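Read through the structure below, which is laid out as structure tokens, and then see the notes.
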Amino acid sequence: MSFSGIDPNFTLPPRFYTSTEIFEEELERIFYSRWIYVACEADLPKPGDYITLKIGTRSFFLQRTESGEVHGFYNVCRHRGHELVQGETGNCRRLICPYHNWTYDLNGNLKHARGMDADFPKEDFGLNPIEVAVIGGLIYVCLSSPAPADIEQVRSMLTPYLAPYELPKTKIACQKDIIEACNWKLVIENNRECLHCTSNHPELLVPLYSSGFGKGLDKDNVQPDERRFQEKLQEKEREWENLGLPYELIEFPDNLWFRTVRLPLANQCISHTLKPEHACKKLLGNFKKPEGSGLSLWTHPNSWNHFLSDHIVTFAVFPLSVDKTLVRTKWLVAADAVEGVDYDLENLTHVWTQTNAQDQSLAEGTYRGICSGGYMPGPLADEEYLVKQFLSWYSDQLTETPVH
Ligand code: FES
Ligand SMILES: [Fe+2]
């Protein structure tokens, strides 16, 4: 794949959003080769719990073992290749293939192989594993082996930021899937800037300053409209120091694939809600009182996440085809929080349900424009530098990642 002649300060030429050949290449070089955010520990609370997932054409499942680890395997039996587990979620202590009942334990070892002689080497026919990494309760997988070793660097940098929220002690209060009629890169590009926020996200801008999401963190170059944000930031930084909460911006260091930062919430908000009240009475981790900030985390190629003192919202993007993209949102609350008592589901999910619908409309509208026949790459503003950063990372993957 050549990017020569493509201006890095502009959006991509139309073929990158519409060509099925380029889409196939993206699956190979990015989604089958890189660490991909897929789920979180709260999806698998008990030993034996499993979830099935698909990236591109590849299907696999994640399961919690008896000893509490999360393992992942391709969803295929080693006998004649029948799919092993069915449905999106479930629980079992033995994986029994429906075809001829070959049976595997939760570590993927073949325990019973119907029809085979007594001396059949069962140890050679365990399930085909995938690489799994859990960081602060977020589950990343890699469908190639060996997986990129940079996961350990990401883990050591991110863990202190995520630890205060104790994600493994949460439960999923709600999950919503949206299928957007657009190329997956438009979902990510849209997520990497907040230039569109003031004209499109009235609900989101109640708890959020538009600063911090592509502008406003350059302390030597403060724009007049960022003054209030800057003042709040300074005040909160002192509080975060006292609370021992990490807050410094880490932005795609050493070619790594994440950006994280703690940002103050706007309008006295203490959660991603429309009123300055918490969305869930039970707080997460070690928080003793609601904290008016959010830790945000973005990972290439497919996620963004917001950690509040009373809940977590996490977003995973799965490309389904060149023009269809699944956006999966999960809202997490403390495991012992009770719906209707500690939180109201509609209140908890309102801001991001509205925001997701607005972003869906923007990404789909952009896709229709790109397919109009008249689209030409457009210039990116300074405030859209994280879009440039994503496109630069993307072009590196397509030119440098070997196909496995
Ligand atoms: S295909 Fe699974 S037991 Fe035969
Ligand atoms: Fe948006």
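Letters A, B, ... go to the chains of the structure tokens in the order shown; residues in each chain start at 1; ligands are counted from 1 in the same order.
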*Per DSSP on the backbone, filter range 89-328 of chain A down to the residues in helix (DSSP H, G or I) and report them as a ChimeraX atom specification.*
/A:122-124,151-165,167-169,184-191,197-200,224-243,253-255
Range 255-294 of chain A near range 167-185 of chain A within 12 Å: what's each residue's closest atom pair and its distance in Å to one decimal, counting only C-alpha atoms, ordered by chain then ascending residue number, as a tab-separated table?
```
residue	atom	partner	partner_atom	distance
A:Ala279	CA	A:Ala173	CA	11.7
A:Cys280	CA	A:Ala173	CA	10.6
A:Lys282	CA	A:Thr170	CA	10.5
A:Leu283	CA	A:Thr170	CA	10.1
A:Leu284	CA	A:Thr170	CA	7.7
A:Gly285	CA	A:Lys169	CA	7.7
A:Asn286	CA	A:Lys169	CA	11.2
```
With N, CA and C atoms retained, write the just-selected residues as a PDB file, in the first residue's frame.
```pdb
ATOM      1  N   ALA A 279     -24.634   9.596  38.838  1.00  0.00           N
ATOM      2  CA  ALA A 279     -25.541   8.714  38.107  1.00  0.00           C
ATOM      3  C   ALA A 279     -25.764   7.430  38.887  1.00  0.00           C
ATOM      4  N   CYS A 280     -24.795   7.091  39.757  1.00  0.00           N
ATOM      5  CA  CYS A 280     -24.932   5.885  40.569  1.00  0.00           C
ATOM      6  C   CYS A 280     -24.466   6.214  41.985  1.00  0.00           C
ATOM      7  N   LYS A 282     -23.564   4.205  44.381  1.00  0.00           N
ATOM      8  CA  LYS A 282     -22.399   3.406  44.800  1.00  0.00           C
ATOM      9  C   LYS A 282     -21.200   3.849  43.965  1.00  0.00           C
ATOM     10  N   LEU A 283     -20.162   4.294  44.628  1.00  0.00           N
ATOM     11  CA  LEU A 283     -18.987   4.767  43.881  1.00  0.00           C
ATOM     12  C   LEU A 283     -18.043   3.613  43.588  1.00  0.00           C
ATOM     13  N   LEU A 284     -17.153   3.846  42.643  1.00  0.00           N
ATOM     14  CA  LEU A 284     -16.220   2.803  42.219  1.00  0.00           C
ATOM     15  C   LEU A 284     -14.951   2.844  43.072  1.00  0.00           C
ATOM     16  N   GLY A 285     -14.296   1.698  43.129  1.00  0.00           N
ATOM     17  CA  GLY A 285     -12.965   1.604  43.712  1.00  0.00           C
ATOM     18  C   GLY A 285     -12.845   2.274  45.061  1.00  0.00           C
ATOM     19  N   ASN A 286     -11.818   3.123  45.182  1.00  0.00           N
ATOM     20  CA  ASN A 286     -11.543   3.771  46.459  1.00  0.00           C
ATOM     21  C   ASN A 286     -12.164   5.151  46.595  1.00  0.00           C
TER      22      ASN A 286
END
```
*Residues within 8 Å of ligand 1 should be enumerated using only C-alpha atoms and all ligand atoms and returned as a VMD selection string.*
chain A and resid 76 to 84 96 to 103 113 to 114
*Taking only C-alpha atoms and all ligand atoms into account, which residues are within 6 Å of ligand 2, as a list in words?*
Asn191, Cys197 and Asp359 of chain A
Restricted to C-alpha atoms, what would the selected residues look like written as a tab-separated table (two decimals), in the first residue's frame?
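Writing the result to part.tsv gives the following:
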```tsv
chain	number	residue	atom	x	y	z
A	191	ASN	CA	-14.17	10.44	17.79
A	197	CYS	CA	-19.09	19.13	19.61
A	359	ASP	CA	-22.16	10.86	16.10
```
*Would you please work out which residue, of A:Phe3, A:Phe315, A:Phe213, A:Phe252, is nearest to Arg192 in chain A when using only C-alpha atoms?*
A:Phe213
_DSSP strand (DSSP E) residues within range 203-346 of chain A, listed as a ChimeraX atom specification_ = /A:250-251,258-264,293-299,303-307,312-321,324-334
*If you count only C-alpha atoms, which residues fall within 12 Å of Ile188 in chain A, apart from same-chain ones fewer than 2 positions away, as number ranges by chain?*
A: 182-186, 190-193, 298-304, 315-319, 325-327, 359-360, 362-363, 386-391, 394
Would you save the residues of that selection, restricted to C-alpha atoms, as a PDB file, in the first residue's frame?
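Result written to out_39.pdb:
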```
ATOM      1  CA  CYS A 182     -20.199   3.984   7.189  1.00  0.00           C
ATOM      2  CA  ASN A 183     -16.576   2.942   6.990  1.00  0.00           C
ATOM      3  CA  TRP A 184     -15.034   2.275  10.415  1.00  0.00           C
ATOM      4  CA  LYS A 185     -12.372   4.969  10.003  1.00  0.00           C
ATOM      5  CA  LEU A 186     -15.064   7.676   9.912  1.00  0.00           C
ATOM      6  CA  ASN A 190     -15.119  11.624  14.310  1.00  0.00           C
ATOM      7  CA  ASN A 191     -14.173  10.440  17.790  1.00  0.00           C
ATOM      8  CA  ARG A 192     -10.719  11.995  17.601  1.00  0.00           C
ATOM      9  CA  GLU A 193     -11.892  15.609  17.566  1.00  0.00           C
ATOM     10  CA  TRP A 298      -8.430   6.343  23.512  1.00  0.00           C
ATOM     11  CA  THR A 299      -6.772   3.359  21.833  1.00  0.00           C
ATOM     12  CA  HIS A 300      -5.968   2.725  18.186  1.00  0.00           C
ATOM     13  CA  PRO A 301      -7.551   1.328  16.203  1.00  0.00           C
ATOM     14  CA  ASN A 302     -10.927   0.939  17.845  1.00  0.00           C
ATOM     15  CA  SER A 303     -11.829   2.311  21.274  1.00  0.00           C
ATOM     16  CA  TRP A 304     -12.491   5.187  23.598  1.00  0.00           C
ATOM     17  CA  PHE A 315     -16.811   1.958  23.412  1.00  0.00           C
ATOM     18  CA  ALA A 316     -15.488  -0.673  20.991  1.00  0.00           C
ATOM     19  CA  VAL A 317     -15.640  -0.351  17.215  1.00  0.00           C
ATOM     20  CA  PHE A 318     -15.787  -3.460  15.006  1.00  0.00           C
ATOM     21  CA  PRO A 319     -15.673  -3.113  11.218  1.00  0.00           C
ATOM     22  CA  THR A 325     -19.453  -0.663  11.458  1.00  0.00           C
ATOM     23  CA  LEU A 326     -20.589  -1.993  14.813  1.00  0.00           C
ATOM     24  CA  VAL A 327     -20.204   0.450  17.721  1.00  0.00           C
ATOM     25  CA  ASP A 359     -22.156  10.862  16.098  1.00  0.00           C
ATOM     26  CA  GLN A 360     -23.783   8.088  14.063  1.00  0.00           C
ATOM     27  CA  LEU A 362     -22.347  12.635  11.463  1.00  0.00           C
ATOM     28  CA  ALA A 363     -20.326   9.564  10.425  1.00  0.00           C
ATOM     29  CA  LEU A 386      -5.654  13.843  16.671  1.00  0.00           C
ATOM     30  CA  VAL A 387      -7.387  12.923  13.412  1.00  0.00           C
ATOM     31  CA  LYS A 388      -4.045  13.509  11.663  1.00  0.00           C
ATOM     32  CA  GLN A 389      -2.353  11.425  14.334  1.00  0.00           C
ATOM     33  CA  PHE A 390      -4.807   8.547  13.738  1.00  0.00           C
ATOM     34  CA  LEU A 391      -4.369   8.732   9.961  1.00  0.00           C
ATOM     35  CA  TYR A 394      -3.071   4.076  10.095  1.00  0.00           C
TER      36      TYR A 394
END
```
